[in-house]
$ cat coords-v8.txt   # compact mmCIF, C-alpha atoms
# COMPACT_ATOMS: atom_id res chain seq x y z
CA MET A 100 34.35 -53.65 -60.01
CA VAL A 101 36.34 -55.57 -62.62
CA ARG A 102 39.16 -53.04 -62.38
CA PHE A 103 39.15 -53.39 -58.58
CA TYR A 104 39.67 -57.15 -58.78
CA LYS A 105 42.38 -56.73 -61.39
CA GLU A 106 44.23 -54.42 -59.02
CA LEU A 107 43.65 -56.82 -56.14
CA SER A 108 45.15 -59.68 -58.13
CA LYS A 109 48.12 -57.56 -59.19
CA HIS A 110 49.03 -56.52 -55.65
CA THR A 111 48.34 -59.84 -53.91
CA GLY A 112 49.41 -62.31 -56.55
CA TYR A 113 46.10 -64.12 -56.01
CA GLU A 114 44.38 -64.94 -59.29
CA ILE A 115 40.65 -64.31 -58.91
CA GLU A 116 38.06 -66.20 -60.91
CA PHE A 117 34.28 -65.97 -60.49
CA ASP A 118 31.32 -68.30 -60.84
CA THR A 119 27.87 -66.79 -60.54
CA LEU A 120 24.71 -68.52 -59.38
CA PRO A 121 21.96 -68.74 -62.02
CA GLU A 122 19.01 -66.38 -61.84
CA GLN A 123 16.49 -69.20 -61.52
CA ASN A 124 16.66 -71.74 -58.67
CA SER A 125 19.91 -70.24 -57.38
CA ASN A 126 19.59 -71.79 -53.92
CA ASP A 127 18.96 -75.22 -55.43
CA ARG A 128 22.20 -74.83 -57.34
CA LEU A 129 23.96 -73.78 -54.13
CA ASN A 130 22.66 -76.87 -52.31
CA LEU A 131 23.84 -79.07 -55.16
CA ILE A 132 27.35 -77.67 -54.90
CA PHE A 133 27.54 -78.29 -51.18
CA SER A 134 25.99 -81.75 -51.32
CA SER A 135 28.49 -82.84 -53.97
CA GLY A 136 31.38 -82.42 -51.53
CA ASN A 137 33.50 -80.83 -54.27
CA ILE A 138 33.72 -77.31 -52.91
CA ASP A 139 36.65 -75.68 -54.71
CA TYR A 140 35.88 -72.11 -53.65
CA ASP A 141 37.89 -70.01 -51.22
CA TYR A 142 35.02 -67.57 -50.80
CA ILE A 143 31.25 -67.76 -51.31
CA ARG A 144 28.89 -64.79 -51.06
CA ILE A 145 25.16 -65.32 -50.61
CA GLY A 146 22.22 -63.06 -49.86
CA SER A 147 20.84 -62.11 -46.47
CA GLY A 148 17.24 -63.26 -46.83
CA ASP A 149 15.54 -65.79 -44.57
CA VAL A 150 16.22 -68.67 -46.96
CA GLU A 151 19.89 -67.78 -47.31
CA ARG A 152 20.32 -67.44 -43.54
CA SER A 153 18.79 -70.88 -43.10
CA LEU A 154 21.13 -72.35 -45.69
CA PHE A 155 24.11 -70.72 -44.00
CA ALA A 156 23.16 -72.20 -40.63
CA THR A 157 22.78 -75.63 -42.23
CA TYR A 158 26.15 -75.50 -43.96
CA ALA A 159 27.91 -74.30 -40.79
CA SER A 160 26.32 -76.94 -38.57
CA ARG A 161 27.40 -79.68 -40.98
CA GLY A 162 31.00 -78.53 -40.99
CA LEU A 163 30.92 -77.41 -44.61
CA LEU A 164 32.26 -73.93 -43.80
CA GLU A 165 35.62 -73.04 -42.31
CA ASP A 166 35.73 -71.81 -38.71
CA LEU A 167 37.14 -68.26 -38.87
CA THR A 168 36.94 -67.46 -35.15
CA ASP A 169 40.69 -67.55 -34.48
CA LYS A 170 41.64 -65.96 -37.80
CA ILE A 171 39.60 -62.74 -37.59
CA PRO A 172 41.63 -61.08 -34.77
CA GLY A 173 44.71 -61.27 -37.01
CA TYR A 174 43.22 -58.77 -39.47
CA ASP A 175 42.78 -55.19 -38.26
CA LYS A 176 40.09 -54.31 -40.81
CA LEU A 177 37.96 -57.32 -39.90
CA SER A 178 38.34 -56.61 -36.21
CA GLN A 179 36.82 -53.16 -36.78
CA ILE A 180 33.55 -54.57 -38.17
CA ASP A 181 30.56 -54.28 -35.83
CA SER A 182 30.47 -57.40 -33.66
CA ARG A 183 26.74 -57.81 -34.36
CA GLY A 184 27.61 -58.69 -37.94
CA PHE A 185 29.76 -61.58 -36.80
CA GLU A 186 27.11 -62.69 -34.30
CA ALA A 187 24.71 -63.14 -37.20
CA LEU A 188 27.26 -65.40 -38.89
CA SER A 189 28.02 -67.55 -35.86
CA GLN A 190 26.99 -71.06 -34.90
CA ASN A 191 27.75 -72.51 -31.46
CA SER A 192 30.01 -69.52 -30.62
CA SER A 193 32.11 -70.02 -33.77
CA VAL A 194 32.21 -67.56 -36.68
CA TYR A 195 31.78 -68.99 -40.18
CA GLY A 196 31.46 -65.89 -42.31
CA ILE A 197 32.47 -62.28 -42.88
CA PRO A 198 29.62 -59.73 -42.87
CA SER A 199 29.33 -57.37 -45.80
CA THR A 200 29.75 -53.70 -44.91
CA GLY A 201 28.88 -52.32 -48.34
CA LEU A 202 25.97 -52.35 -50.77
CA PRO A 203 25.56 -55.73 -52.52
CA TYR A 204 24.14 -54.08 -55.62
CA ALA A 205 23.42 -50.64 -57.02
CA SER A 206 19.70 -49.88 -57.06
CA SER A 207 19.54 -46.11 -57.51
CA THR A 208 22.60 -45.24 -59.52
CA ASN A 209 24.39 -46.34 -62.67
CA ALA A 210 27.32 -48.71 -63.04
CA ILE A 211 29.27 -49.49 -66.19
CA ARG A 212 31.39 -52.43 -67.30
CA MET A 213 34.92 -51.05 -67.37
CA ASP A 214 36.17 -54.15 -69.21
CA TRP A 215 33.63 -53.44 -71.96
CA LEU A 216 34.82 -49.86 -72.20
CA GLU A 217 38.39 -51.09 -72.58
CA LYS A 218 37.36 -53.47 -75.35
CA VAL A 219 35.62 -50.73 -77.35
CA GLU A 220 38.42 -48.26 -76.46
CA MET A 221 36.14 -45.59 -74.98
CA GLU A 222 35.99 -43.54 -71.80
CA VAL A 223 33.28 -43.33 -69.14
CA PRO A 224 30.44 -41.21 -70.62
CA THR A 225 29.56 -37.96 -68.87
CA THR A 226 26.83 -36.55 -71.18
CA PRO A 227 23.78 -38.06 -72.93
CA ASP A 228 25.55 -37.88 -76.30
CA GLU A 229 28.60 -39.69 -74.92
CA LEU A 230 26.34 -42.31 -73.31
CA TYR A 231 24.60 -42.90 -76.63
CA ALA A 232 27.95 -43.34 -78.38
CA VAL A 233 29.11 -45.87 -75.76
CA LEU A 234 25.86 -47.86 -75.89
CA LYS A 235 26.02 -47.89 -79.67
CA ALA A 236 29.56 -49.28 -79.49
CA PHE A 237 28.47 -51.90 -76.94
CA LYS A 238 25.62 -52.94 -79.23
CA GLU A 239 27.58 -53.07 -82.46
CA LYS A 240 30.88 -54.49 -81.17
CA ASP A 241 29.27 -56.85 -78.63
CA PRO A 242 32.27 -57.01 -76.21
CA ASP A 243 31.11 -60.26 -74.53
CA GLY A 244 29.87 -62.02 -77.66
CA LEU A 245 26.28 -62.21 -76.40
CA GLY A 246 24.70 -62.04 -79.83
CA GLU A 247 20.94 -61.41 -79.77
CA ASN A 248 21.04 -61.36 -75.95
CA ASN A 249 23.29 -58.31 -75.95
CA ILE A 250 21.35 -55.42 -74.36
CA PRO A 251 23.82 -52.61 -73.54
CA TYR A 252 21.71 -50.87 -70.90
CA THR A 253 19.46 -52.39 -68.23
CA ALA A 254 17.86 -50.51 -65.37
CA VAL A 255 15.00 -50.05 -62.97
CA PRO A 256 12.87 -46.87 -63.19
CA GLN A 257 14.48 -45.05 -60.26
CA THR A 258 17.90 -45.50 -61.84
CA VAL A 259 16.84 -43.73 -65.01
CA ASP A 260 15.01 -40.97 -63.17
CA GLY A 261 17.98 -40.33 -60.90
CA ALA A 262 20.73 -40.52 -63.46
CA ILE A 263 20.01 -40.18 -67.17
CA SER A 264 17.29 -37.57 -66.66
CA ALA A 265 19.80 -35.53 -64.66
CA GLY A 266 21.82 -35.20 -67.85
CA PHE A 267 18.95 -33.13 -69.19
CA GLY A 268 18.86 -30.88 -66.13
CA LEU A 269 15.99 -32.75 -64.46
CA LEU A 270 16.86 -33.51 -60.86
CA PHE A 271 13.45 -33.49 -59.18
CA ASN A 272 9.77 -34.08 -59.98
CA TYR A 273 9.27 -30.34 -59.66
CA GLU A 274 11.74 -27.73 -60.86
CA GLU A 275 12.09 -23.98 -60.42
CA ARG A 276 11.79 -21.99 -63.60
CA ASP A 277 11.58 -18.19 -63.72
CA GLY A 278 10.85 -18.05 -60.00
CA LYS A 279 8.00 -20.56 -60.23
CA ILE A 280 7.73 -24.22 -59.22
CA VAL A 281 6.59 -26.29 -62.20
CA ASP A 282 6.00 -29.97 -62.89
CA ALA A 283 9.16 -31.29 -64.54
CA ARG A 284 7.07 -33.30 -67.01
CA LEU A 285 5.82 -30.07 -68.53
CA LEU A 286 9.29 -28.74 -69.31
CA PRO A 287 10.96 -28.87 -72.75
CA GLU A 288 13.86 -30.74 -71.13
CA TYR A 289 11.55 -33.59 -70.23
CA LYS A 290 10.50 -33.93 -73.86
CA GLU A 291 14.19 -34.09 -74.81
CA TYR A 292 14.73 -36.76 -72.18
CA LEU A 293 11.80 -38.87 -73.45
CA THR A 294 13.01 -38.48 -77.03
CA PHE A 295 16.45 -39.69 -75.98
CA MET A 296 15.06 -42.72 -74.11
CA ASN A 297 12.82 -43.60 -77.06
CA LYS A 298 15.88 -43.47 -79.29
CA LEU A 299 17.74 -45.91 -77.01
CA TYR A 300 14.79 -48.27 -76.99
CA SER A 301 14.07 -48.13 -80.71
CA GLU A 302 17.71 -48.91 -81.52
CA GLY A 303 17.80 -51.90 -79.20
CA PHE A 304 20.04 -50.38 -76.53
CA LEU A 305 17.65 -51.16 -73.68
CA SER A 306 14.74 -53.48 -72.96
CA SER A 307 11.44 -52.50 -71.37
CA LYS A 308 11.37 -55.91 -69.67
CA ASP A 309 14.25 -54.87 -67.45
CA PHE A 310 12.37 -51.78 -66.30
CA LEU A 311 9.45 -53.94 -65.20
CA SER A 312 11.33 -56.88 -63.72
CA PRO A 313 14.68 -55.79 -62.24
CA ARG A 314 17.06 -58.66 -61.64
CA ARG A 315 19.65 -59.07 -58.94
CA SER A 316 22.76 -61.14 -58.77
CA ARG A 317 22.09 -63.75 -56.11
CA GLY A 318 25.66 -64.71 -55.24
CA HIS A 319 29.07 -65.54 -56.57
CA PHE A 320 32.11 -67.64 -55.79
CA CYS A 321 35.81 -67.11 -56.13

$ encode --input "coords-v8.txt" --output "structure tokens"
Amino acid sequence: MVRFYKELSKHTGYEIEFDTLPEQNSNDRLNLIFSSGNIDYDYIRIGSGDVERSLFATYASRGLLEDLTDKIPGYDKLSQIDSRGFEALSQNSSVYGIPSTGLPYASSTNAIRMDWLEKVEMEVPTTPDELYAVLKAFKEKDPDGLGENNIPYTAVPQTVDGAISAGFGLLFNYEERDGKIVDARLLPEYKEYLTFMNKLYSEGFLSSKDFLSPRRSRGHFC
């Protein structure tokens, strides 16, 4: 994602900077920004829950968002978006937002900070051993200067099951071995996988808290 925005800035000449809403009381922070009257953002992205939709309607009705109705037809890509998306972002027949057509976050796959990889001068890992080496570098070199808060790998259970375990040849809960269907947890590969995950945990590369309480980015500004 970071590389994408770097390329976008290079080709458009538009310097992109981000602010991210805090994890706790994010909507309160959003309300504070709008009530201050000092809205220095060209673009604001918020969630699609009931609370966020209510906030959006409030901001639009108070004239705090720009009317995009006449601007959208001038952009071919925007004109191709399903009209129902724009209807959801309209107030009094005027459009005040651009619907998202992609996933807001990755919940069942892995993502990696490309800027961190550049700082530690490593490539995207493709095997468990390479992943370990990258996480070790992230931990020891601390690319963002996070100190004791630096945890190189965070995930929810389905992410691990669908990605890291695949590196050990485990793709499903049941696997075929010698013409028989067996529980993957009984295979030697599963023991190797658990040993690997225990190694990551014991060396401080991941936190069990993140497996129990997955966190989502609530919104950002640019």

$ closest_residue --input "coords-v8.txt" --among "A:Phe295, A:Phe267, A:Tyr273, A:Phe155" --to "Tyr195 in chain A" --atoms "only C-alpha atoms"
A:Phe155

$ residues_around --input "coords-v8.txt" --residues "Tyr113 in chain A" --least-positions-apart "4" --cutoff "12 Å" --atoms "only C-alpha atoms" --output "compact mmCIF listing (two decimals) with C-alpha atoms, keeping the file's coordinate frame"
# COMPACT_ATOMS: atom_id res chain seq x y z
CA TYR A 104 39.67 -57.15 -58.78
CA LYS A 105 42.38 -56.73 -61.39
CA GLU A 106 44.23 -54.42 -59.02
CA LEU A 107 43.65 -56.82 -56.14
CA SER A 108 45.15 -59.68 -58.13
CA LYS A 109 48.12 -57.56 -59.19
CA ASP A 141 37.89 -70.01 -51.22
CA CYS A 321 35.81 -67.11 -56.13

$ atom_distance --input "coords-v8.txt" --atom1 "CA of Ile280 in chain A" --atom2 "CA of Ala265 in chain A"
17.4 Å

$ atom_distance --input "coords-v8.txt" --atom1 "CA of Ser135 in chain A" --atom2 "CA of Leu167 in chain A"
22.7 Å

$ residues_around --input "coords-v8.txt" --residues "Leu163 in chain A" --least-positions-apart "6" --cutoff "10 Å" --atoms "only C-alpha atoms" --output "PyMOL selection string"
chain A and resi 133-134+136+138+155+157+195

$ residues_around --input "coords-v8.txt" --residues "Phe271 in chain A" --least-positions-apart "2" --cutoff "10 Å" --atoms "only C-alpha atoms" --output "ChimeraX atom specification"
/A:260-261,264-265,268-269,273-275,282-283

$ write_last_selection --input "coords-v8.txt" --atoms "C-alpha atoms" --output "PDB file, in the coordinates of the input"
ATOM      1  CA  ASP A 260      15.010 -40.970 -63.170  1.00  0.00           C
ATOM      2  CA  GLY A 261      17.980 -40.330 -60.900  1.00  0.00           C
ATOM      3  CA  SER A 264      17.290 -37.570 -66.660  1.00  0.00           C
ATOM      4  CA  ALA A 265      19.800 -35.530 -64.660  1.00  0.00           C
ATOM      5  CA  GLY A 268      18.860 -30.880 -66.130  1.00  0.00           C
ATOM      6  CA  LEU A 269      15.990 -32.750 -64.460  1.00  0.00           C
ATOM      7  CA  TYR A 273       9.270 -30.340 -59.660  1.00  0.00           C
ATOM      8  CA  GLU A 274      11.740 -27.730 -60.860  1.00  0.00           C
ATOM      9  CA  GLU A 275      12.090 -23.980 -60.420  1.00  0.00           C
ATOM     10  CA  ASP A 282       6.000 -29.970 -62.890  1.00  0.00           C
ATOM     11  CA  ALA A 283       9.160 -31.290 -64.540  1.00  0.00           C
TER      12      ALA A 283
END

$ closest_residue --input "coords-v8.txt" --among "A:Glu165, A:Glu291, A:Glu220, A:Glu302" --to "Ser193 in chain A" --atoms "all atoms listed in the file"
A:Glu165

$ atom_distance --input "coords-v8.txt" --atom1 "CA of Gly303 in chain A" --atom2 "CA of Pro287 in chain A"
24.9 Å

$ residues_around --input "coords-v8.txt" --residues "Ala232 in chain A" --least-positions-apart "2" --cutoff "12 Å" --atoms "all atoms listed in the file" --output "ChimeraX atom specification"
/A:216,219-230,234-240,251,299,304

$ residues_around --input "coords-v8.txt" --residues "Asn126 in chain A" --least-positions-apart "5" --cutoff "9 Å" --atoms "only C-alpha atoms" --output "number ranges by chain"
A: 120-121, 131, 150-151, 154, 317

$ closest_residue --input "coords-v8.txt" --among "A:Tyr231, A:Pro198, A:Leu177, A:Ile250" --to "Lys298 in chain A" --atoms "all atoms listed in the file"
A:Tyr231

$ decode --input "coords-v8.txt" --residues "range 153-200 of chain A" --atoms "N, CA and C atoms" --output "mmCIF file, in the first residue's frame"
data_model
loop_
_atom_site.group_PDB
_atom_site.id
_atom_site.type_symbol
_atom_site.label_atom_id
_atom_site.label_comp_id
_atom_site.auth_asym_id
_atom_site.auth_seq_id
_atom_site.Cartn_x
_atom_site.Cartn_y
_atom_site.Cartn_z
ATOM 1 N N SER A 153 -24.529 7.421 10.113
ATOM 2 C CA SER A 153 -25.230 8.515 10.775
ATOM 3 C C SER A 153 -24.358 9.763 10.828
ATOM 4 N N LEU A 154 -23.089 9.566 11.121
ATOM 5 C CA LEU A 154 -22.162 10.703 11.151
ATOM 6 C C LEU A 154 -22.043 11.337 9.780
ATOM 7 N N PHE A 155 -21.959 10.497 8.751
ATOM 8 C CA PHE A 155 -21.845 11.002 7.387
ATOM 9 C C PHE A 155 -23.052 11.864 7.033
ATOM 10 N N ALA A 156 -24.240 11.379 7.359
ATOM 11 C CA ALA A 156 -25.466 12.125 7.060
ATOM 12 C C ALA A 156 -25.465 13.466 7.785
ATOM 13 N N THR A 157 -24.985 13.461 9.022
ATOM 14 C CA THR A 157 -24.932 14.701 9.805
ATOM 15 C C THR A 157 -23.964 15.702 9.185
ATOM 16 N N TYR A 158 -22.777 15.232 8.822
ATOM 17 C CA TYR A 158 -21.786 16.127 8.224
ATOM 18 C C TYR A 158 -22.294 16.713 6.909
ATOM 19 N N ALA A 159 -22.916 15.865 6.085
ATOM 20 C CA ALA A 159 -23.414 16.323 4.782
ATOM 21 C C ALA A 159 -24.528 17.355 4.956
ATOM 22 N N SER A 160 -25.447 17.086 5.860
ATOM 23 C CA SER A 160 -26.580 17.997 6.050
ATOM 24 C C SER A 160 -26.145 19.345 6.602
ATOM 25 N N ARG A 161 -25.019 19.385 7.279
ATOM 26 C CA ARG A 161 -24.514 20.638 7.843
ATOM 27 C C ARG A 161 -23.560 21.371 6.904
ATOM 28 N N GLY A 162 -23.401 20.822 5.699
ATOM 29 C CA GLY A 162 -22.541 21.487 4.730
ATOM 30 C C GLY A 162 -21.059 21.358 5.012
ATOM 31 N N LEU A 163 -20.683 20.327 5.747
ATOM 32 C CA LEU A 163 -19.277 20.125 6.097
ATOM 33 C C LEU A 163 -18.533 19.285 5.059
ATOM 34 N N LEU A 164 -19.273 18.712 4.110
ATOM 35 C CA LEU A 164 -18.666 17.915 3.049
ATOM 36 C C LEU A 164 -18.920 18.590 1.703
ATOM 37 N N GLU A 165 -17.998 18.390 0.780
ATOM 38 C CA GLU A 165 -18.140 19.021 -0.536
ATOM 39 C C GLU A 165 -19.130 18.251 -1.409
ATOM 40 N N ASP A 166 -19.967 18.980 -2.120
ATOM 41 C CA ASP A 166 -20.926 18.387 -3.048
ATOM 42 C C ASP A 166 -20.180 17.934 -4.304
ATOM 43 N N LEU A 167 -20.198 16.621 -4.563
ATOM 44 C CA LEU A 167 -19.449 16.057 -5.687
ATOM 45 C C LEU A 167 -20.337 15.733 -6.888
ATOM 46 N N THR A 168 -21.594 16.067 -6.815
ATOM 47 C CA THR A 168 -22.566 15.653 -7.831
ATOM 48 C C THR A 168 -22.125 16.020 -9.242
ATOM 49 N N ASP A 169 -21.706 17.253 -9.453
ATOM 50 C CA ASP A 169 -21.337 17.712 -10.795
ATOM 51 C C ASP A 169 -19.929 17.316 -11.194
ATOM 52 N N LYS A 170 -19.137 16.843 -10.245
ATOM 53 C CA LYS A 170 -17.743 16.492 -10.543
ATOM 54 C C LYS A 170 -17.602 15.044 -10.998
ATOM 55 N N ILE A 171 -18.429 14.165 -10.478
ATOM 56 C CA ILE A 171 -18.309 12.729 -10.760
ATOM 57 C C ILE A 171 -18.396 12.394 -12.249
ATOM 58 N N PRO A 172 -19.334 12.981 -13.018
ATOM 59 C CA PRO A 172 -19.414 12.631 -14.447
ATOM 60 C C PRO A 172 -18.146 12.931 -15.231
ATOM 61 N N GLY A 173 -17.278 13.781 -14.698
ATOM 62 C CA GLY A 173 -16.048 14.127 -15.401
ATOM 63 C C GLY A 173 -14.954 13.085 -15.276
ATOM 64 N N TYR A 174 -15.197 12.038 -14.504
ATOM 65 C CA TYR A 174 -14.199 10.989 -14.295
ATOM 66 C C TYR A 174 -14.796 9.646 -14.720
ATOM 67 N N ASP A 175 -14.228 9.065 -15.769
ATOM 68 C CA ASP A 175 -14.774 7.824 -16.332
ATOM 69 C C ASP A 175 -14.831 6.696 -15.304
ATOM 70 N N LYS A 176 -13.781 6.549 -14.515
ATOM 71 C CA LYS A 176 -13.738 5.448 -13.549
ATOM 72 C C LYS A 176 -14.835 5.589 -12.498
ATOM 73 N N LEU A 177 -15.077 6.816 -12.049
ATOM 74 C CA LEU A 177 -16.116 7.029 -11.047
ATOM 75 C C LEU A 177 -17.497 6.789 -11.641
ATOM 76 N N SER A 178 -17.647 7.158 -12.893
ATOM 77 C CA SER A 178 -18.946 6.989 -13.545
ATOM 78 C C SER A 178 -19.309 5.520 -13.711
ATOM 79 N N GLN A 179 -18.297 4.634 -13.662
ATOM 80 C CA GLN A 179 -18.551 3.209 -13.840
ATOM 81 C C GLN A 179 -18.954 2.503 -12.546
ATOM 82 N N ILE A 180 -18.849 3.194 -11.412
ATOM 83 C CA ILE A 180 -19.218 2.600 -10.125
ATOM 84 C C ILE A 180 -20.737 2.436 -10.050
ATOM 85 N N ASP A 181 -21.179 1.342 -9.475
ATOM 86 C CA ASP A 181 -22.611 1.074 -9.332
ATOM 87 C C ASP A 181 -23.310 2.278 -8.700
ATOM 88 N N SER A 182 -24.379 2.725 -9.324
ATOM 89 C CA SER A 182 -25.092 3.913 -8.862
ATOM 90 C C SER A 182 -25.623 3.757 -7.445
ATOM 91 N N ARG A 183 -25.866 2.507 -7.006
ATOM 92 C CA ARG A 183 -26.380 2.290 -5.664
ATOM 93 C C ARG A 183 -25.375 2.732 -4.606
ATOM 94 N N GLY A 184 -24.085 2.662 -4.955
ATOM 95 C CA GLY A 184 -23.065 3.118 -4.027
ATOM 96 C C GLY A 184 -23.169 4.611 -3.794
ATOM 97 N N PHE A 185 -23.409 5.349 -4.865
ATOM 98 C CA PHE A 185 -23.544 6.796 -4.736
ATOM 99 C C PHE A 185 -24.850 7.176 -4.041
ATOM 100 N N GLU A 186 -25.890 6.383 -4.259
ATOM 101 C CA GLU A 186 -27.167 6.657 -3.594
ATOM 102 C C GLU A 186 -27.020 6.592 -2.074
ATOM 103 N N ALA A 187 -26.166 5.669 -1.626
ATOM 104 C CA ALA A 187 -25.944 5.526 -0.185
ATOM 105 C C ALA A 187 -25.163 6.704 0.386
ATOM 106 N N LEU A 188 -24.504 7.450 -0.481
ATOM 107 C CA LEU A 188 -23.685 8.585 -0.042
ATOM 108 C C LEU A 188 -24.300 9.912 -0.469
ATOM 109 N N SER A 189 -25.597 9.920 -0.632
ATOM 110 C CA SER A 189 -26.304 11.114 -1.088
ATOM 111 C C SER A 189 -27.210 11.666 0.002
ATOM 112 N N GLN A 190 -27.365 12.981 -0.030
ATOM 113 C CA GLN A 190 -28.288 13.682 0.854
ATOM 114 C C GLN A 190 -29.010 14.735 0.023
ATOM 115 N N ASN A 191 -30.343 14.688 0.032
ATOM 116 C CA ASN A 191 -31.129 15.663 -0.736
ATOM 117 C C ASN A 191 -30.705 15.708 -2.206
ATOM 118 N N SER A 192 -30.517 14.513 -2.797
ATOM 119 C CA SER A 192 -30.187 14.345 -4.218
ATOM 120 C C SER A 192 -28.778 14.817 -4.576
ATOM 121 N N SER A 193 -27.954 15.129 -3.605
ATOM 122 C CA SER A 193 -26.570 15.520 -3.861
ATOM 123 C C SER A 193 -25.631 14.460 -3.306
ATOM 124 N N VAL A 194 -24.543 14.195 -4.041
ATOM 125 C CA VAL A 194 -23.577 13.170 -3.644
ATOM 126 C C VAL A 194 -22.430 13.812 -2.865
ATOM 127 N N TYR A 195 -22.114 13.252 -1.708
ATOM 128 C CA TYR A 195 -21.066 13.823 -0.858
ATOM 129 C C TYR A 195 -19.920 12.851 -0.575
ATOM 130 N N GLY A 196 -19.894 11.735 -1.290
ATOM 131 C CA GLY A 196 -18.820 10.795 -1.046
ATOM 132 C C GLY A 196 -18.605 9.863 -2.216
ATOM 133 N N ILE A 197 -17.496 9.140 -2.184
ATOM 134 C CA ILE A 197 -17.160 8.162 -3.220
ATOM 135 C C ILE A 197 -17.168 6.778 -2.578
ATOM 136 N N PRO A 198 -18.007 5.879 -3.045
ATOM 137 C CA PRO A 198 -18.075 4.531 -2.435
ATOM 138 C C PRO A 198 -16.812 3.741 -2.696
ATOM 139 N N SER A 199 -16.429 2.930 -1.726
ATOM 140 C CA SER A 199 -15.272 2.064 -1.877
ATOM 141 C C SER A 199 -15.674 0.816 -2.639
ATOM 142 N N THR A 200 -14.862 0.439 -3.617
ATOM 143 C CA THR A 200 -15.145 -0.762 -4.407
ATOM 144 C C THR A 200 -14.187 -1.897 -4.079
#
